Every structure is written in structure tokens, then in C-alpha cells.
>>> print(open('input05.txt').read())   # compact mmCIF, C-alpha atoms and all ligand atoms
# COMPACT_ATOMS: atom_id res chain seq x y z
CA MET X 276 84.44 27.74 -27.52
CA GLN X 277 83.44 29.92 -30.40
CA VAL X 278 79.72 30.67 -30.89
CA HIS X 279 78.74 32.10 -34.25
CA ASN X 280 76.81 35.36 -34.27
CA PHE X 281 74.05 33.69 -36.25
CA GLU X 282 73.71 31.09 -33.51
CA LYS X 283 73.65 33.77 -30.81
CA VAL X 284 70.73 35.47 -32.53
CA TRP X 285 68.74 32.26 -32.52
CA LEU X 286 69.67 31.49 -28.93
CA GLY X 287 68.45 34.96 -27.98
CA ALA X 288 65.22 34.53 -29.93
CA ALA X 289 64.53 31.18 -28.26
CA LEU X 290 65.17 32.70 -24.84
CA LEU X 291 62.80 35.57 -25.59
CA LEU X 292 60.10 33.08 -26.56
CA ILE X 293 60.52 31.15 -23.31
CA VAL X 294 60.30 34.36 -21.27
CA GLY X 295 57.26 35.32 -23.31
CA PHE X 296 55.49 32.04 -22.59
CA ILE X 297 56.20 32.29 -18.88
CA ALA X 298 54.98 35.90 -18.84
CA THR X 299 51.76 34.84 -20.58
CA ILE X 300 51.08 32.18 -17.97
CA ALA X 301 51.98 34.47 -15.07
CA TYR X 302 49.87 37.28 -16.50
CA GLY X 303 46.85 34.98 -16.68
CA THR X 304 47.40 33.60 -13.20
CA VAL X 305 47.43 36.92 -11.37
CA GLY X 306 44.03 37.63 -12.80
CA VAL X 307 44.85 40.63 -14.95
CA GLY X 308 44.00 38.62 -18.01
CA ILE X 309 41.28 36.04 -18.34
CA GLN X 310 39.79 35.18 -15.01
CA MET X 311 38.27 31.74 -14.92
CA VAL X 312 37.50 31.52 -11.24
CA ASP X 313 36.90 34.35 -8.87
CA ASP X 314 37.79 33.15 -5.40
CA SER X 315 38.05 36.65 -3.97
CA GLY X 316 34.95 35.87 -1.93
CA GLY X 317 36.82 33.42 0.27
CA GLU X 318 36.28 29.80 1.15
CA ILE X 319 33.46 27.87 2.73
CA ASP X 320 32.89 24.27 3.74
CA PRO X 321 30.44 22.96 1.11
CA GLN X 322 28.98 20.54 3.66
CA ALA X 323 28.11 23.44 5.93
CA VAL X 324 26.66 25.76 3.28
CA GLN X 325 23.08 25.14 4.31
CA GLN X 326 23.52 24.53 8.01
CA SER X 327 21.58 27.03 10.05
CA ASN X 328 23.07 29.83 12.12
CA THR X 329 26.54 29.70 10.63
CA GLY X 330 26.49 33.43 9.93
CA THR X 331 27.97 32.97 6.47
CA GLY X 332 24.95 34.47 4.76
CA PHE X 333 24.39 31.19 2.94
CA ASP X 334 22.53 29.75 5.91
CA ASP X 335 19.73 32.16 4.97
CA PRO X 336 20.37 33.02 1.32
CA GLY X 337 18.75 36.05 -0.24
CA VAL X 338 19.17 39.76 -0.73
CA VAL X 339 20.73 41.70 2.14
CA ARG X 340 20.61 45.47 2.14
CA GLN X 341 23.86 47.06 3.27
CA ASN X 342 22.73 50.64 2.67
CA ASP X 343 20.74 52.60 0.09
CA SER X 344 23.33 52.08 -2.61
CA HIS X 345 24.70 48.62 -1.87
CA TYR X 346 23.05 45.22 -1.70
CA VAL X 347 24.60 41.79 -1.22
CA VAL X 348 22.91 38.73 -2.64
CA TYR X 349 23.75 35.32 -1.18
CA VAL X 350 22.99 32.54 -3.64
CA VAL X 351 23.34 28.79 -3.13
CA ALA X 352 23.68 26.76 -6.32
CA GLN X 353 22.87 23.07 -6.23
CA GLN X 354 21.54 20.43 -8.60
CA PHE X 355 19.48 21.90 -10.27
CA GLN X 356 18.48 25.23 -8.88
CA PHE X 357 19.59 28.57 -7.54
CA ALA X 358 18.33 29.66 -4.14
CA PRO X 359 17.21 32.33 -4.56
CA GLY X 360 16.76 32.63 -8.30
CA THR X 361 14.87 29.58 -9.49
CA GLY X 362 11.14 29.28 -10.02
CA ASP X 363 8.86 31.52 -7.98
CA ASN X 364 11.80 32.75 -5.94
CA PRO X 365 13.58 35.23 -8.23
CA ILE X 366 16.45 37.43 -7.08
CA ARG X 367 14.93 40.89 -6.68
CA VAL X 368 17.27 43.89 -6.56
CA PRO X 369 16.84 47.62 -7.15
CA ALA X 370 18.22 49.35 -10.24
CA ASP X 371 21.08 51.83 -10.06
CA THR X 372 22.63 50.37 -6.94
CA ARG X 373 25.75 48.34 -6.41
CA VAL X 374 24.81 44.67 -6.18
CA THR X 375 27.35 42.15 -4.97
CA PHE X 376 26.55 38.54 -5.74
CA ARG X 377 28.15 36.00 -3.44
CA VAL X 378 27.57 32.55 -4.87
CA THR X 379 28.63 29.14 -3.67
CA SER X 380 27.74 25.55 -4.41
CA ALA X 381 26.38 22.92 -2.07
CA ASP X 382 27.38 20.04 -4.34
CA VAL X 383 29.19 20.14 -7.70
CA VAL X 384 30.63 22.80 -9.99
CA HIS X 385 27.98 25.10 -11.44
CA GLY X 386 27.96 28.31 -13.41
CA PHE X 387 26.29 31.61 -12.61
CA SER X 388 25.57 33.75 -15.61
CA ILE X 389 23.09 36.60 -15.93
CA VAL X 390 21.91 36.90 -19.50
CA GLU X 391 22.52 40.23 -21.29
CA THR X 392 25.12 41.26 -18.70
CA ASN X 393 28.79 40.48 -18.23
CA ILE X 394 28.07 38.75 -14.93
CA ASN X 395 29.48 35.30 -15.41
CA THR X 396 31.37 33.18 -12.94
CA MET X 397 32.02 29.57 -12.14
CA VAL X 398 30.64 28.33 -8.85
CA ILE X 399 32.90 25.85 -7.14
CA PRO X 400 32.12 23.91 -3.97
CA GLY X 401 34.34 25.21 -1.22
CA GLN X 402 34.70 28.64 -2.71
CA VAL X 403 32.63 31.78 -2.74
CA SER X 404 32.46 33.52 -6.09
CA GLU X 405 31.95 37.24 -5.77
CA VAL X 406 30.80 39.56 -8.54
CA THR X 407 29.65 43.14 -8.17
CA ALA X 408 27.44 44.80 -10.74
CA GLU X 409 25.08 47.68 -11.24
CA PHE X 410 21.89 47.37 -13.26
CA ASP X 411 20.88 50.55 -15.08
CA GLU X 412 17.89 49.00 -16.81
CA PRO X 413 14.99 47.67 -14.77
CA GLY X 414 13.55 44.44 -16.06
CA THR X 415 13.76 40.69 -15.77
CA TYR X 416 17.07 39.08 -16.59
CA GLY X 417 17.58 35.40 -17.20
CA LEU X 418 19.88 33.48 -14.91
CA VAL X 419 21.56 30.35 -16.22
CA CYS X 420 23.98 27.68 -15.10
CA HIS X 421 26.58 27.43 -17.82
CA GLU X 422 28.74 24.64 -16.42
CA TYR X 423 27.61 21.08 -16.98
CA CYS X 424 26.48 19.82 -13.59
CA GLY X 425 24.48 16.69 -14.25
CA SER X 426 21.37 15.33 -15.93
CA GLY X 427 19.29 18.39 -15.10
CA HIS X 428 21.89 20.96 -16.10
CA HIS X 429 19.84 22.28 -19.00
CA THR X 430 16.94 23.01 -16.66
CA MET X 431 19.02 24.91 -14.11
CA GLY X 432 18.15 28.55 -14.36
CA GLY X 433 16.12 31.33 -12.90
CA SER X 434 15.67 35.05 -13.05
CA VAL X 435 16.87 38.33 -11.64
CA GLU X 436 14.24 41.04 -11.33
CA VAL X 437 15.64 44.54 -11.36
CA VAL X 438 13.03 46.91 -9.98
CA PRO X 439 13.05 50.69 -10.53
CU1 LIG G 1 24.23 23.70 -12.52
CU2 LIG G 1 24.66 23.24 -14.82
>>> encode(input="input05.txt", output="C-alpha cells", more="lines below")
Ligand code: CUA
Amino acid sequence: MQVHNFEKVWLGAALLLIVGFIATIAYGTVGVGIQMVDDSGGEIDPQAVQQSNTGTGFDDPGVVRQNDSHYVVYVVAQQFQFAPGTGDNPIRVPADTRVTFRVTSADVVHGFSIVETNINTMVIPGQVSEVTAEFDEPGTYGLVCHEYCGSGHHTMGGSVEVVP
């Protein structure tokens, strides 16, 4: 069978497009591109999030000092609050240290976004979202849930106090 050169060019172009589309999807999936969900923190049984003495860190959520330059914050999100974070229980961390947030949900999908920073992750029941940041500027930062999670979604927020 004879294939015209013109046809070959178009066949080649179509093939390139297909490879390009696959590459785009693969690139996104491995997390080099846009990262929708960060599950690097591992998995957890959402039913057991708040059971005591599980040793997951979520059984007693809060700020845990690892050393002078690294803190880990365990946060449980649930309709419609962050513990810690909401109300008179803000997340309090020192400035100029590495702060790793480990966030999970006890019920539905939530969001965890710290205003004026690039800290922004989805919080999915069964998974632990992990984000590490460093705050240079002391002050109070707003904390918001940015995934619709029910009737009280718009009230779900809190604050992060960065102390000098
Ligand atoms: Cu939690 Cu919206």
C-alpha cells in the first residue's frame, strides 16, 4: 500500500499530539505539576482519628516540638472546625522554624488553607495531608476551609498565631 507523504505528515502530527496528551496527564499525576491532593503523609482510619492512645498524633492534636527548629502540628478537621485552630484554640507556632502541618479529617472532605501563605491542601478522610512551611513574619494568620463541607462550611475557619 502506498501512503502519500502528505498523509504521513498528518499521521505523525496526530501521533505527537496523542503522546503529548499522555505526557500531560502523566506529568500531572506524578505530582511535578499541579498537586491536588498531598497524600505523602500516609493513611489513617477516619473512624479512629479521635480514639485515644492510638499514637497517631491525632488522638491528641496540637503542636509537637521535634527540636528547636522543627515543629509538627497535628490538626483534625471536622464539621465545622479545626482542632486546634478554631475559636479560642488557635495554632501557635514560633517564627523562623520549620513547621510541618499534618491534617486529616474525621468526617468529610475539607480544605486547609492559611491566608497570605501558599499553604493550601485538601483534607480527605482516610488520608493525612502534610505540608511544611516556615513563617518569617510573626503575626496572626487566618485559617480557612476552602472545600465545601456542608451547611456550616462558610463558618469553618480559625487562626494560626506565629510568635517571635
Ligand atoms: Cu470544612 Cu468547608
>>> residues_near_ligand(input="input05.txt", ligand="ligand LIG 1 (chain G)", cutoff="7 Å", atoms="only C-alpha atoms and all ligand atoms", output="list of chain:residue names")
X:Ala352, X:Gln353, X:Gln354, X:Phe355, X:Gln356, X:Val384, X:His385, X:Gly386, X:Cys420, X:His421, X:Glu422, X:Tyr423, X:Cys424, X:Gly425, X:His428, X:His429, X:Met431
>>> closest_residue(input="input05.txt", among="X:Thr379, X:Ser426, X:Ser434, X:Asn395", to="Thr407 of chain X", atoms="all atoms listed in the file")
X:Asn395
>>> closest_residue(input="input05.txt", among="X:Val324, X:Val390, X:Val374, X:Ala381", to="Ser344 of chain X", atoms="only C-alpha atoms")
X:Val374
>>> residues_around(input="input05.txt", residues="Glu405 of chain X", least_positions_apart="4", cutoff="6 Å", atoms="all atoms listed in the file", output="list in words")
Gly316, Phe376 and Arg377 of chain X
>>> atom_distance(input="input05.txt", atom1="atom CA of Pro321 of chain X", atom2="atom CA of Pro400 of chain X")
5.4 Å
>>> atom_distance(input="input05.txt", atom1="atom CA of Gly337 of chain X", atom2="atom CA of Pro369 of chain X")
13.6 Å
